[in-house]
file query.cif (mmCIF, C-alpha atoms and all ligand atoms)
data_data
loop_
_atom_site.label_atom_id
_atom_site.label_comp_id
_atom_site.auth_asym_id
_atom_site.auth_seq_id
_atom_site.Cartn_x
_atom_site.Cartn_y
_atom_site.Cartn_z
CA MET H 1 -63.21 -4.90 -7.36
CA ARG H 2 -61.22 -7.41 -5.34
CA ALA H 3 -57.86 -8.99 -6.02
CA THR H 4 -55.84 -12.01 -4.95
CA ILE H 5 -52.04 -11.84 -4.96
CA ILE H 6 -50.17 -15.12 -5.42
CA THR H 7 -46.39 -15.23 -4.90
CA ILE H 8 -44.47 -18.29 -6.00
CA GLY H 9 -41.15 -19.58 -4.72
CA ASP H 10 -39.75 -22.16 -2.31
CA GLU H 11 -37.51 -19.41 -0.89
CA LEU H 12 -40.61 -17.52 0.30
CA LEU H 13 -41.97 -20.56 2.13
CA GLY H 14 -38.53 -21.30 3.58
CA GLY H 15 -38.42 -17.82 5.09
CA GLU H 16 -35.18 -16.94 3.31
CA THR H 17 -36.73 -14.31 1.07
CA VAL H 18 -39.20 -11.82 2.47
CA ASP H 19 -42.21 -11.43 0.20
CA THR H 20 -41.90 -7.76 -0.64
CA ASN H 21 -43.72 -8.20 -3.95
CA SER H 22 -47.10 -8.70 -2.28
CA ALA H 23 -46.63 -5.54 -0.22
CA TYR H 24 -45.72 -3.49 -3.28
CA ILE H 25 -48.58 -4.82 -5.39
CA ALA H 26 -51.14 -4.45 -2.58
CA ARG H 27 -50.13 -0.85 -1.98
CA ARG H 28 -50.33 0.02 -5.67
CA LEU H 29 -53.62 -1.81 -6.17
CA GLY H 30 -55.02 0.11 -3.21
CA GLU H 31 -53.98 3.39 -4.80
CA LEU H 32 -55.69 2.28 -7.99
CA GLY H 33 -58.91 1.52 -6.11
CA VAL H 34 -58.59 -2.28 -6.04
CA GLY H 35 -58.96 -3.92 -2.64
CA VAL H 36 -56.94 -7.05 -1.87
CA ARG H 37 -58.95 -9.95 -0.44
CA SER H 38 -56.05 -12.34 0.11
CA MET H 39 -52.38 -12.99 -0.43
CA VAL H 40 -50.91 -16.44 -0.66
CA SER H 41 -47.43 -17.87 -1.21
CA VAL H 42 -47.01 -21.22 -2.96
CA ALA H 43 -44.08 -23.60 -3.59
CA ASP H 44 -42.43 -24.04 -7.00
CA ARG H 45 -44.66 -27.00 -7.95
CA PRO H 46 -47.24 -26.85 -10.76
CA GLU H 47 -49.65 -29.19 -8.98
CA GLU H 48 -49.66 -26.83 -5.97
CA ILE H 49 -49.82 -23.59 -7.93
CA SER H 50 -52.51 -24.55 -10.40
CA PRO H 51 -55.43 -25.13 -7.96
CA VAL H 52 -54.56 -21.93 -6.09
CA VAL H 53 -54.69 -19.93 -9.32
CA ASP H 54 -57.91 -21.61 -10.39
CA ARG H 55 -59.59 -20.88 -7.09
CA ALA H 56 -58.37 -17.27 -7.06
CA ALA H 57 -59.80 -16.80 -10.55
CA ARG H 58 -63.18 -18.03 -9.33
CA GLU H 59 -63.26 -15.94 -6.17
CA SER H 60 -61.65 -12.64 -7.24
CA ASP H 61 -62.05 -10.10 -10.01
CA LEU H 62 -58.32 -9.81 -10.52
CA VAL H 63 -55.33 -12.10 -9.84
CA VAL H 64 -51.69 -11.03 -9.78
CA VAL H 65 -49.06 -13.79 -9.73
CA THR H 66 -45.30 -13.23 -9.27
CA GLY H 67 -42.28 -15.55 -9.47
CA GLY H 68 -41.12 -18.60 -11.36
CA LEU H 69 -41.13 -17.07 -14.85
CA GLY H 70 -37.47 -17.72 -15.64
CA PRO H 71 -35.98 -20.41 -17.87
CA THR H 72 -34.62 -22.73 -15.16
CA VAL H 73 -36.15 -26.00 -13.96
CA ASP H 74 -37.47 -24.39 -10.78
CA ASP H 75 -39.48 -21.91 -12.85
CA VAL H 76 -42.80 -23.68 -13.37
CA THR H 77 -45.35 -20.89 -13.15
CA LYS H 78 -46.24 -20.88 -16.82
CA GLN H 79 -46.89 -24.63 -16.83
CA ALA H 80 -49.03 -24.19 -13.73
CA ILE H 81 -51.07 -21.36 -15.28
CA ALA H 82 -51.51 -23.35 -18.49
CA LEU H 83 -52.67 -26.31 -16.40
CA ALA H 84 -55.13 -24.18 -14.40
CA ALA H 85 -56.58 -22.53 -17.50
CA GLY H 86 -56.59 -25.70 -19.61
CA ARG H 87 -54.31 -24.17 -22.25
CA GLU H 88 -51.24 -25.38 -24.14
CA LEU H 89 -47.88 -23.65 -23.79
CA LYS H 90 -46.89 -22.31 -27.20
CA VAL H 91 -43.83 -20.33 -28.33
CA ASP H 92 -44.80 -16.70 -28.96
CA LYS H 93 -42.97 -15.92 -32.24
CA GLN H 94 -42.77 -12.18 -31.67
CA LEU H 95 -41.42 -12.63 -28.16
CA LEU H 96 -38.89 -15.18 -29.42
CA GLU H 97 -37.63 -12.74 -32.05
CA HIS H 98 -37.36 -10.02 -29.46
CA LEU H 99 -35.36 -12.33 -27.17
CA GLU H 100 -33.06 -13.44 -30.01
CA GLU H 101 -32.35 -9.78 -30.67
CA ARG H 102 -31.72 -9.11 -27.00
CA PHE H 103 -29.39 -12.11 -26.60
CA ARG H 104 -27.55 -11.69 -29.94
CA ASP H 105 -24.27 -10.81 -28.22
CA HIS H 106 -24.57 -13.56 -25.62
CA SER H 107 -23.48 -16.48 -27.79
CA GLY H 108 -23.13 -18.71 -24.72
CA VAL H 109 -26.89 -18.87 -24.07
CA ARG H 110 -27.91 -22.50 -23.54
CA PRO H 111 -30.02 -23.84 -26.42
CA GLY H 112 -33.66 -23.96 -25.52
CA VAL H 113 -33.51 -21.13 -22.98
CA LEU H 114 -34.99 -18.58 -25.36
CA GLU H 115 -37.75 -20.98 -26.47
CA SER H 116 -38.59 -21.62 -22.85
CA LEU H 117 -38.65 -17.88 -22.10
CA ALA H 118 -40.86 -17.32 -25.15
CA ALA H 119 -43.38 -20.06 -24.29
CA VAL H 120 -46.74 -18.65 -23.16
CA PRO H 121 -50.12 -20.21 -22.45
CA GLU H 122 -52.35 -20.00 -25.53
CA GLY H 123 -54.42 -16.85 -25.64
CA ALA H 124 -52.16 -14.94 -23.22
CA ARG H 125 -50.91 -11.45 -24.03
CA THR H 126 -47.29 -10.64 -23.24
CA LEU H 127 -46.37 -7.56 -21.18
CA GLY H 128 -42.99 -6.11 -22.15
CA ASN H 129 -40.20 -6.28 -19.57
CA PRO H 130 -38.00 -3.19 -20.01
CA VAL H 131 -35.38 -4.35 -17.50
CA GLY H 132 -35.12 -8.14 -17.90
CA ALA H 133 -35.65 -11.17 -20.13
CA ALA H 134 -38.82 -12.72 -18.69
CA ALA H 135 -41.93 -11.01 -20.11
CA GLY H 136 -45.07 -10.62 -18.05
CA LEU H 137 -48.34 -12.23 -19.11
CA ALA H 138 -52.00 -11.35 -19.03
CA LEU H 139 -54.79 -13.83 -19.67
CA THR H 140 -58.45 -14.26 -18.85
CA HIS H 141 -59.69 -17.34 -17.05
CA LYS H 142 -63.22 -17.78 -15.72
CA GLY H 143 -63.90 -14.13 -16.52
CA THR H 144 -61.01 -12.97 -14.33
CA THR H 145 -57.89 -11.20 -15.52
CA ILE H 146 -54.73 -12.93 -14.39
CA TYR H 147 -51.46 -11.01 -14.54
CA VAL H 148 -48.25 -13.03 -14.24
CA LEU H 149 -45.00 -11.21 -13.41
CA PRO H 150 -41.36 -12.18 -12.73
CA GLY H 151 -40.28 -12.55 -9.10
CA VAL H 152 -37.31 -10.17 -9.23
CA PRO H 153 -38.75 -7.11 -7.50
CA HIS H 154 -37.47 -4.39 -9.84
CA GLU H 155 -38.63 -6.36 -12.91
CA MET H 156 -42.03 -6.96 -11.34
CA GLU H 157 -42.32 -3.24 -10.55
CA ALA H 158 -41.25 -2.16 -14.04
CA ILE H 159 -43.93 -4.31 -15.71
CA PHE H 160 -46.56 -3.36 -13.15
CA GLU H 161 -45.94 0.35 -13.70
CA GLY H 162 -45.37 0.03 -17.46
CA SER H 163 -48.38 -2.08 -18.34
CA ILE H 164 -50.74 -2.99 -15.53
CA ALA H 165 -51.24 0.34 -13.75
CA ALA H 166 -52.50 1.98 -16.94
CA GLU H 167 -54.89 -0.89 -17.67
CA LEU H 168 -56.36 -0.74 -14.17
CA LYS H 169 -56.69 3.04 -14.28
CA GLY H 170 -58.84 2.61 -17.39
CA LEU H 171 -61.36 0.49 -15.51
CA ALA H 172 -63.17 3.55 -14.13
CA LEU H 173 -63.20 2.39 -10.54
CA ASP H 174 -65.93 3.75 -8.33
CA ARG H 175 -63.70 4.57 -5.31
CA PHE H 176 -60.29 6.10 -5.12
CA ARG H 177 -58.07 5.27 -2.16
CA LYS H 178 -55.00 7.21 -1.17
CA THR H 179 -52.68 6.90 1.77
CA ARG H 180 -50.44 9.40 3.52
CA LEU H 181 -47.87 8.75 6.20
CA VAL H 182 -47.49 11.27 9.02
CA ARG H 183 -44.24 10.48 10.86
CA THR H 184 -43.58 11.36 14.49
CA ILE H 185 -40.75 11.01 16.97
CA GLY H 186 -40.54 11.38 20.74
CA LEU H 187 -44.09 10.43 21.74
CA ARG H 188 -45.39 7.00 22.69
CA GLU H 189 -48.25 5.46 20.75
CA SER H 190 -50.57 5.76 23.75
CA VAL H 191 -49.75 9.45 24.27
CA ILE H 192 -50.41 10.18 20.62
CA ALA H 193 -53.74 8.35 20.82
CA GLU H 194 -54.72 10.39 23.88
CA ARG H 195 -53.85 13.68 22.22
CA LEU H 196 -55.73 12.76 19.07
CA GLN H 197 -58.83 11.53 20.90
CA PRO H 198 -60.69 14.88 20.67
CA MET H 199 -60.14 14.90 16.89
CA MET H 200 -61.82 11.55 16.33
CA PRO H 201 -63.39 10.41 14.12
CA LEU H 202 -61.58 11.88 11.14
CA GLY H 203 -64.21 12.12 8.42
CA GLY H 204 -63.68 9.69 5.55
CA ILE H 205 -60.27 8.62 6.89
CA ALA H 206 -59.02 5.36 8.33
CA LEU H 207 -56.23 5.99 10.85
CA GLY H 208 -53.60 3.35 11.62
CA TYR H 209 -50.77 3.48 14.21
CA LEU H 210 -47.47 2.01 13.06
CA PRO H 211 -44.82 1.98 15.82
CA ARG H 212 -41.26 1.95 14.42
CA THR H 213 -37.87 1.52 16.08
CA ALA H 214 -37.61 5.26 16.58
CA GLY H 215 -40.99 6.94 16.50
CA VAL H 216 -44.54 6.20 15.50
CA ASP H 217 -45.99 6.59 12.01
CA LEU H 218 -49.63 7.45 11.47
CA ARG H 219 -51.12 6.00 8.34
CA LEU H 220 -54.08 7.93 6.97
CA THR H 221 -56.15 6.32 4.24
CA ALA H 222 -58.81 8.33 2.46
CA SER H 223 -61.51 6.88 0.28
CA ALA H 224 -63.31 9.22 -2.12
CA ALA H 225 -64.86 9.38 -5.56
CA ASP H 226 -61.67 10.66 -7.17
CA GLU H 227 -58.07 11.57 -6.40
CA ALA H 228 -58.82 15.25 -5.76
CA GLY H 229 -61.48 14.25 -3.24
CA ALA H 230 -59.08 11.90 -1.45
CA ASP H 231 -56.38 14.58 -1.39
CA SER H 232 -58.65 17.17 0.16
CA LEU H 233 -59.82 14.70 2.86
CA LEU H 234 -56.17 13.93 3.62
CA ASP H 235 -55.12 17.60 3.73
CA GLU H 236 -57.91 18.33 6.18
CA ALA H 237 -57.12 15.33 8.41
CA VAL H 238 -53.37 16.04 8.44
CA ALA H 239 -53.99 19.65 9.44
CA ARG H 240 -56.16 18.47 12.34
CA ILE H 241 -53.75 15.90 13.75
CA VAL H 242 -50.58 17.96 13.37
CA GLY H 243 -51.94 20.56 15.82
CA PRO H 244 -51.91 18.44 19.00
CA LEU H 245 -48.65 16.70 18.07
CA GLY H 246 -46.70 19.87 17.25
CA GLN H 247 -42.96 19.52 16.67
CA HIS H 248 -43.13 15.77 17.20
CA VAL H 249 -44.32 15.52 13.60
CA PHE H 250 -41.26 15.54 11.38
CA SER H 251 -42.92 14.69 8.07
CA THR H 252 -46.44 14.65 6.68
CA GLU H 253 -45.21 13.10 3.44
CA GLY H 254 -43.68 9.88 4.73
CA GLU H 255 -40.08 11.04 4.49
CA PRO H 256 -37.32 9.57 6.66
CA LEU H 257 -35.99 11.74 9.50
CA HIS H 258 -32.49 11.99 8.03
CA THR H 259 -33.91 13.31 4.75
CA VAL H 260 -35.82 16.02 6.60
CA VAL H 261 -32.82 17.00 8.75
CA GLY H 262 -30.34 16.88 5.86
CA ARG H 263 -32.56 19.13 3.78
CA MET H 264 -33.01 21.59 6.66
CA LEU H 265 -29.24 21.85 7.11
CA ILE H 266 -28.63 22.36 3.39
CA GLU H 267 -31.43 24.92 3.01
CA ARG H 268 -30.16 26.93 5.95
CA GLY H 269 -26.54 26.71 4.81
CA MET H 270 -25.51 25.30 8.21
CA THR H 271 -22.41 23.13 8.58
CA ILE H 272 -22.20 20.24 10.99
CA ALA H 273 -19.53 17.95 12.45
CA ILE H 274 -20.26 14.62 14.15
CA ALA H 275 -18.41 12.67 16.84
CA GLU H 276 -19.72 9.16 17.35
CA SER H 277 -18.92 6.53 19.89
CA CYS H 278 -21.70 4.00 20.47
CA THR H 279 -23.46 4.72 17.15
CA GLY H 280 -20.27 3.82 15.27
CA GLY H 281 -20.87 6.12 12.29
CA LEU H 282 -24.61 5.56 11.96
CA VAL H 283 -25.50 9.25 12.32
CA GLY H 284 -23.04 10.10 9.55
CA HIS H 285 -24.24 7.20 7.45
CA LEU H 286 -27.82 8.42 7.65
CA LEU H 287 -26.92 11.99 6.75
CA THR H 288 -24.81 10.82 3.81
CA GLU H 289 -27.94 9.15 2.40
CA VAL H 290 -29.09 12.69 1.59
CA ALA H 291 -28.02 14.00 -1.82
CA GLY H 292 -26.17 17.32 -1.57
CA ILE H 293 -25.21 16.90 2.09
CA SER H 294 -21.55 17.64 1.32
CA ALA H 295 -22.54 21.31 1.51
CA SER H 296 -23.32 20.82 5.22
CA LEU H 297 -21.55 17.74 6.56
CA GLU H 298 -17.97 18.67 7.40
CA ARG H 299 -16.82 15.45 9.09
CA ASP H 300 -17.89 12.42 11.05
CA ILE H 301 -15.33 11.03 13.48
CA VAL H 302 -15.89 7.62 15.02
CA ALA H 303 -13.98 7.80 18.31
CA TYR H 304 -14.58 4.55 20.14
CA SER H 305 -11.69 4.36 22.60
CA ASN H 306 -10.78 6.88 25.28
CA THR H 307 -7.54 7.54 23.42
CA ALA H 308 -9.45 8.34 20.23
CA LYS H 309 -11.77 10.67 22.14
CA ALA H 310 -8.74 12.50 23.52
CA GLU H 311 -6.59 12.47 20.39
CA SER H 312 -9.18 13.06 17.65
CA LEU H 313 -11.68 15.21 19.51
CA GLY H 314 -9.54 16.96 22.10
CA VAL H 315 -11.54 15.59 25.02
CA ASP H 316 -9.63 16.12 28.28
CA ARG H 317 -8.42 12.72 29.57
CA ALA H 318 -9.06 13.91 33.12
CA LEU H 319 -12.71 14.46 32.25
CA ILE H 320 -13.01 10.88 30.96
CA HIS H 321 -11.19 9.62 34.02
CA GLU H 322 -13.43 11.53 36.40
CA HIS H 323 -16.86 10.95 34.82
CA GLY H 324 -16.31 7.95 32.55
CA ALA H 325 -16.55 7.85 28.76
CA VAL H 326 -20.32 7.42 29.00
CA SER H 327 -21.25 10.67 30.72
CA ALA H 328 -22.92 13.98 30.04
CA GLU H 329 -19.59 15.77 30.48
CA VAL H 330 -17.81 13.67 27.86
CA ALA H 331 -20.76 13.87 25.44
CA GLU H 332 -20.64 17.64 25.70
CA ALA H 333 -16.85 17.74 25.26
CA MET H 334 -17.09 15.46 22.19
CA ALA H 335 -19.71 17.68 20.54
CA SER H 336 -17.93 20.95 21.22
CA GLY H 337 -14.55 19.37 20.43
CA VAL H 338 -15.54 18.13 16.99
CA ARG H 339 -17.32 21.40 16.26
CA ARG H 340 -14.24 23.41 17.17
CA LEU H 341 -11.84 21.18 15.20
CA ALA H 342 -14.08 21.28 12.14
CA GLY H 343 -14.93 24.95 12.39
CA ALA H 344 -18.57 23.95 11.88
CA ASP H 345 -21.76 25.73 12.93
CA LEU H 346 -23.01 22.67 14.82
CA GLY H 347 -21.42 19.70 16.58
CA VAL H 348 -23.18 16.54 17.74
CA SER H 349 -22.01 13.47 19.60
CA THR H 350 -23.07 10.08 20.96
CA THR H 351 -21.59 8.06 23.78
CA GLY H 352 -23.36 5.16 25.43
CA ILE H 353 -23.68 1.51 26.30
CA ALA H 354 -25.28 -0.34 23.39
CA GLY H 355 -25.25 -3.72 25.14
CA PRO H 356 -26.06 -6.49 25.52
CA ASP H 357 -23.20 -6.54 28.08
CA GLY H 358 -21.31 -3.79 29.86
CA GLY H 359 -24.16 -2.31 31.87
CA THR H 360 -23.97 -1.49 35.57
CA ARG H 361 -26.55 -0.24 38.03
CA GLU H 362 -25.60 3.38 37.54
CA LYS H 363 -24.96 2.99 33.85
CA PRO H 364 -27.39 0.41 32.46
CA VAL H 365 -27.41 -1.04 28.96
CA GLY H 366 -29.14 1.39 26.63
CA LEU H 367 -27.84 4.49 28.43
CA VAL H 368 -26.79 7.02 25.81
CA TYR H 369 -25.72 10.64 26.16
CA MET H 370 -26.14 12.78 23.09
CA GLY H 371 -24.25 16.05 22.94
CA PHE H 372 -25.12 19.06 20.86
CA ALA H 373 -23.03 22.20 20.51
CA TRP H 374 -23.58 25.42 18.63
CA GLU H 375 -22.18 28.93 18.58
CA GLY H 376 -22.70 30.14 22.13
CA GLY H 377 -24.19 27.07 23.73
CA SER H 378 -24.46 23.36 24.22
CA GLN H 379 -26.90 20.80 25.52
CA VAL H 380 -26.82 17.12 26.44
CA ALA H 381 -29.73 14.69 26.24
CA LYS H 382 -29.74 11.51 28.27
CA ASN H 383 -31.82 8.49 27.36
CA VAL H 384 -32.03 4.88 28.42
CA PHE H 385 -33.12 3.16 25.22
CA ARG H 386 -34.66 -0.26 25.32
CA GLY H 387 -34.07 -3.02 22.82
CA THR H 388 -31.27 -4.88 21.13
CA ARG H 389 -27.85 -3.41 20.42
CA GLU H 390 -28.99 -2.51 16.93
CA MET H 391 -32.16 -0.84 18.20
CA VAL H 392 -30.22 1.19 20.78
CA LYS H 393 -27.92 2.45 18.03
CA GLN H 394 -30.82 3.31 15.75
CA ARG H 395 -32.77 5.05 18.50
CA ALA H 396 -29.74 7.07 19.59
CA ALA H 397 -28.96 8.11 16.01
CA ALA H 398 -32.58 9.17 15.45
CA ARG H 399 -32.58 11.15 18.70
CA VAL H 400 -29.43 13.02 17.64
CA LEU H 401 -30.95 13.85 14.28
CA ASP H 402 -34.05 15.05 16.07
CA MET H 403 -31.98 17.31 18.35
CA ILE H 404 -30.59 18.97 15.23
CA ARG H 405 -34.09 19.34 13.77
CA CYS H 406 -35.59 20.85 16.92
CA HIS H 407 -32.66 23.25 17.33
CA LEU H 408 -33.09 24.49 13.78
CA LEU H 409 -36.85 24.88 14.30
CA ASP H 410 -36.49 26.63 17.66
CA THR H 411 -33.82 29.05 16.58
CA GLY H 412 -35.59 29.68 13.29
CA ALA H 413 -32.11 29.45 11.84
P1 LIG W 501 -38.03 -16.02 -9.75
O1 LIG W 501 -38.74 -15.10 -10.69
O2 LIG W 501 -38.94 -16.94 -9.07
O3 LIG W 501 -36.90 -16.75 -10.45
O4 LIG W 501 -37.37 -15.14 -8.60
C1 LIG W 501 -36.18 -14.42 -8.84
C2 LIG W 501 -35.71 -13.63 -7.62
O5 LIG W 501 -36.73 -12.80 -7.12
C3 LIG W 501 -35.28 -14.51 -6.46
O6 LIG W 501 -34.02 -14.05 -5.96
C4 LIG W 501 -36.33 -14.32 -5.42
O7 LIG W 501 -35.81 -14.41 -4.12
C5 LIG W 501 -36.91 -12.97 -5.73
N1 LIG W 501 -38.33 -13.01 -5.42
C6 LIG W 501 -39.21 -13.92 -5.91
N2 LIG W 501 -40.43 -13.70 -5.40
C7 LIG W 501 -40.33 -12.65 -4.55
C8 LIG W 501 -41.26 -11.96 -3.70
N3 LIG W 501 -42.55 -12.33 -3.63
N4 LIG W 501 -40.81 -10.92 -2.95
C9 LIG W 501 -39.51 -10.56 -3.03
N5 LIG W 501 -38.59 -11.17 -3.80
C10 LIG W 501 -38.98 -12.22 -4.56
MG MG W 502 -38.23 -18.76 -8.22
#
call {"tool": "encode", "arguments": {"input": "query.cif", "output": "structure tokens"}}
result
Amino acid sequence: MRATIITIGDELLGGETVDTNSAYIARRLGELGVGVRSMVSVADRPEEISPVVDRAARESDLVVVTGGLGPTVDDVTKQAIALAAGRELKVDKQLLEHLEERFRDHSGVRPGVLESLAAVPEGARTLGNPVGAAAGLALTHKGTTIYVLPGVPHEMEAIFEGSIAAELKGLALDRFRKTRLVRTIGLRESVIAERLQPMMPLGGIALGYLPRTAGVDLRLTASAADEAGADSLLDEAVARIVGPLGQHVFSTEGEPLHTVVGRMLIERGMTIAIAESCTGGLVGHLLTEVAGISASLERDIVAYSNTAKAESLGVDRALIHEHGAVSAEVAEAMASGVRRLAGADLGVSTTGIAGPDGGTREKPVGLVYMGFAWEGGSQVAKNVFRGTREMVKQRAAARVLDMIRCHLLDTGA
């Protein structure tokens, strides 16, 4: 079974809005055993949309359309579908009643809006929208099911999950596809490929390399007769690739690094204090994404100037003077200083040159020292990260999080 995804909106073609709907739908269709043969974005014009829909209906077994379902003049998808399928647009009485109920308290609704929202191509079924006004639609044209969904991503997702997923599950598909993301940090793509070479090929699994700003993700896709079969292929493949990659694998379930590290800290009952210079609070921001982190995160101090490093972290001014703010010595003093002041189990720090200016020969752009202090010891990592200012910050923050993770693994704390 093969699908075409059609997304509608001038903002997609103008590059202002990234088409995340196609990605979501393609991923979910894949999980439901439906392969995607093409994706196409079209402008808000019925005469452009209609032939694309008609052609997709001829060439695919399933068509999913998103966008342009609202009541404003730029929302023309329903007219376009009606045109493609040779149907009239008619007000769906039940839908109109539902909308009147929904909008009862909004007396300022422009006349005609509800009628326009309730208009559907003849013969189309409506798919309830639990989180918005525009209902989804399902109709058959040229023997192909066409689903039409609103463009707003969370509304599209709600209708997809509420109505479409169940209908597709009932189609008794012959293959079941499932994907798992194994996430790594600290190894280049080419090194990973070399280490995994002896394991290849992984039976029944397609392996994809996805380099990210900090780390490389491995995407494993299994294809089997049913979900249990796909799961067992994936379990086997994950077990085989984790061996040669060791501690560089931080998740076999697609979780972000900060989630893994935050959970490790909370589970171990360890407290941590952070001192950030070049990452400007990013390490703390990432950890505070994790629910329950207040049990572990004591403080995050952003100390950008030399004065702040001395006053808020107790770093010796002479040390800064002698080695410079971007140095292993100062990184170490920041980490142990913040740990001491906070009375925390662990202290971490960043100090570096994020760029694009400010680099010298000895201290180039991208140079970052990351300090780590614990009861009875400390360590400093030095890296020269490549990339834009933002990438340097992200890479440094990820490296700090990874230092925490490796320490907790190594000490078995
Ligand atoms: P519409 O249903 O066309 O009125 O779209 C409503 C909102 O959803 C707009 O803010 C769009 O930018 C957004 N949107 C529409 N299509 C997509 C898409 N394919 N991916 C992500 N967002 C979208
Ligand atoms: Mg639109």
call {"tool": "residues_near_ligand", "arguments": {"input": "query.cif", "ligand": "ligand LIG 501 (chain W)", "cutoff": "9 Å", "atoms": "only C-alpha atoms and all ligand atoms", "output": "ChimeraX atom specification"}}
result
/H:6-12,16-24,41,44,66-72,74-77,134,149-156
call {"tool": "residues_around", "arguments": {"input": "query.cif", "residues": "H:Val261", "least_positions_apart": "2", "cutoff": "9 Å", "atoms": "all atoms listed in the file", "output": "count of residues only"}}
result
14
call {"tool": "closest_residue", "arguments": {"input": "query.cif", "among": "H:Lys78, H:Arg317, H:Arg175, H:Arg389", "to": "ligand MG 502 (chain W)", "atoms": "all atoms listed in the file"}}
result
H:Lys78
call {"tool": "residues_around", "arguments": {"input": "query.cif", "residues": "H:Ala295", "least_positions_apart": "4", "cutoff": "12 Å", "atoms": "all atoms listed in the file", "output": "JSON, numbers by chain"}}
result
{"H": [262, 263, 264, 265, 266, 267, 268, 269, 270, 271, 272, 273, 287, 288, 290, 291, 299, 344]}
call {"tool": "closest_residue", "arguments": {"input": "query.cif", "among": "H:Ser294, H:Thr145, H:Thr179, H:Asn129", "to": "H:Ala158", "atoms": "all atoms listed in the file"}}
result
H:Asn129
call {"tool": "residues_near_point", "arguments": {"input": "query.cif", "point": "(-63.1, 5.2, 0.8)", "cutoff": "8 Å", "atoms": "all atoms listed in the file", "output": "PyMOL selection string"}}
result
chain H and resi 175-177+204-205+221-225
call {"tool": "closest_residue", "arguments": {"input": "query.cif", "among": "H:Glu122, H:Gly377, H:Val42, H:Lys309", "to": "ligand MG 502 (chain W)", "atoms": "all atoms listed in the file"}}
result
H:Val42
call {"tool": "residues_around", "arguments": {"input": "query.cif", "residues": "H:Met370", "least_positions_apart": "6", "cutoff": "12 Å", "atoms": "only C-alpha atoms", "output": "JSON, numbers by chain"}}
result
{"H": [274, 275, 276, 277, 278, 279, 283, 326, 327, 328, 329, 330, 331, 332, 333, 334, 335, 336, 347, 348, 349, 350, 351, 352, 353, 378, 379, 380, 381, 382, 383, 384, 393, 395, 396, 397, 398, 399, 400, 401, 402, 403, 404]}
call {"tool": "closest_residue", "arguments": {"input": "query.cif", "among": "H:Met39, H:Leu114, H:Gly30, H:Thr4", "to": "H:Leu62", "atoms": "all atoms listed in the file"}}
result
H:Thr4
call {"tool": "atom_distance", "arguments": {"input": "query.cif", "atom1": "atom CA of H:Gly108", "atom2": "atom CA of H:Val73"}}
result
18.4 Å
call {"tool": "residues_around", "arguments": {"input": "query.cif", "residues": "H:Ala85", "least_positions_apart": "5", "cutoff": "9 Å", "atoms": "all atoms listed in the file", "output": "ChimeraX atom specification"}}
result
/H:50,53-54,80,121,140-142
call {"tool": "residues_near_point", "arguments": {"input": "query.cif", "point": "(-56.4, 4.8, -10.7)", "cutoff": "9 Å", "atoms": "all atoms listed in the file", "output": "ChimeraX atom specification"}}
result
/H:29-34,165-166,168-173,176-177,226-227
call {"tool": "closest_residue", "arguments": {"input": "query.cif", "among": "H:His285, H:Arg386, H:His248, H:Arg87", "to": "H:Gly366", "atoms": "all atoms listed in the file"}}
result
H:Arg386
call {"tool": "atom_distance", "arguments": {"input": "query.cif", "atom1": "atom CA of H:Trp374", "atom2": "atom CA of H:Asp345"}}
result
6.0 Å
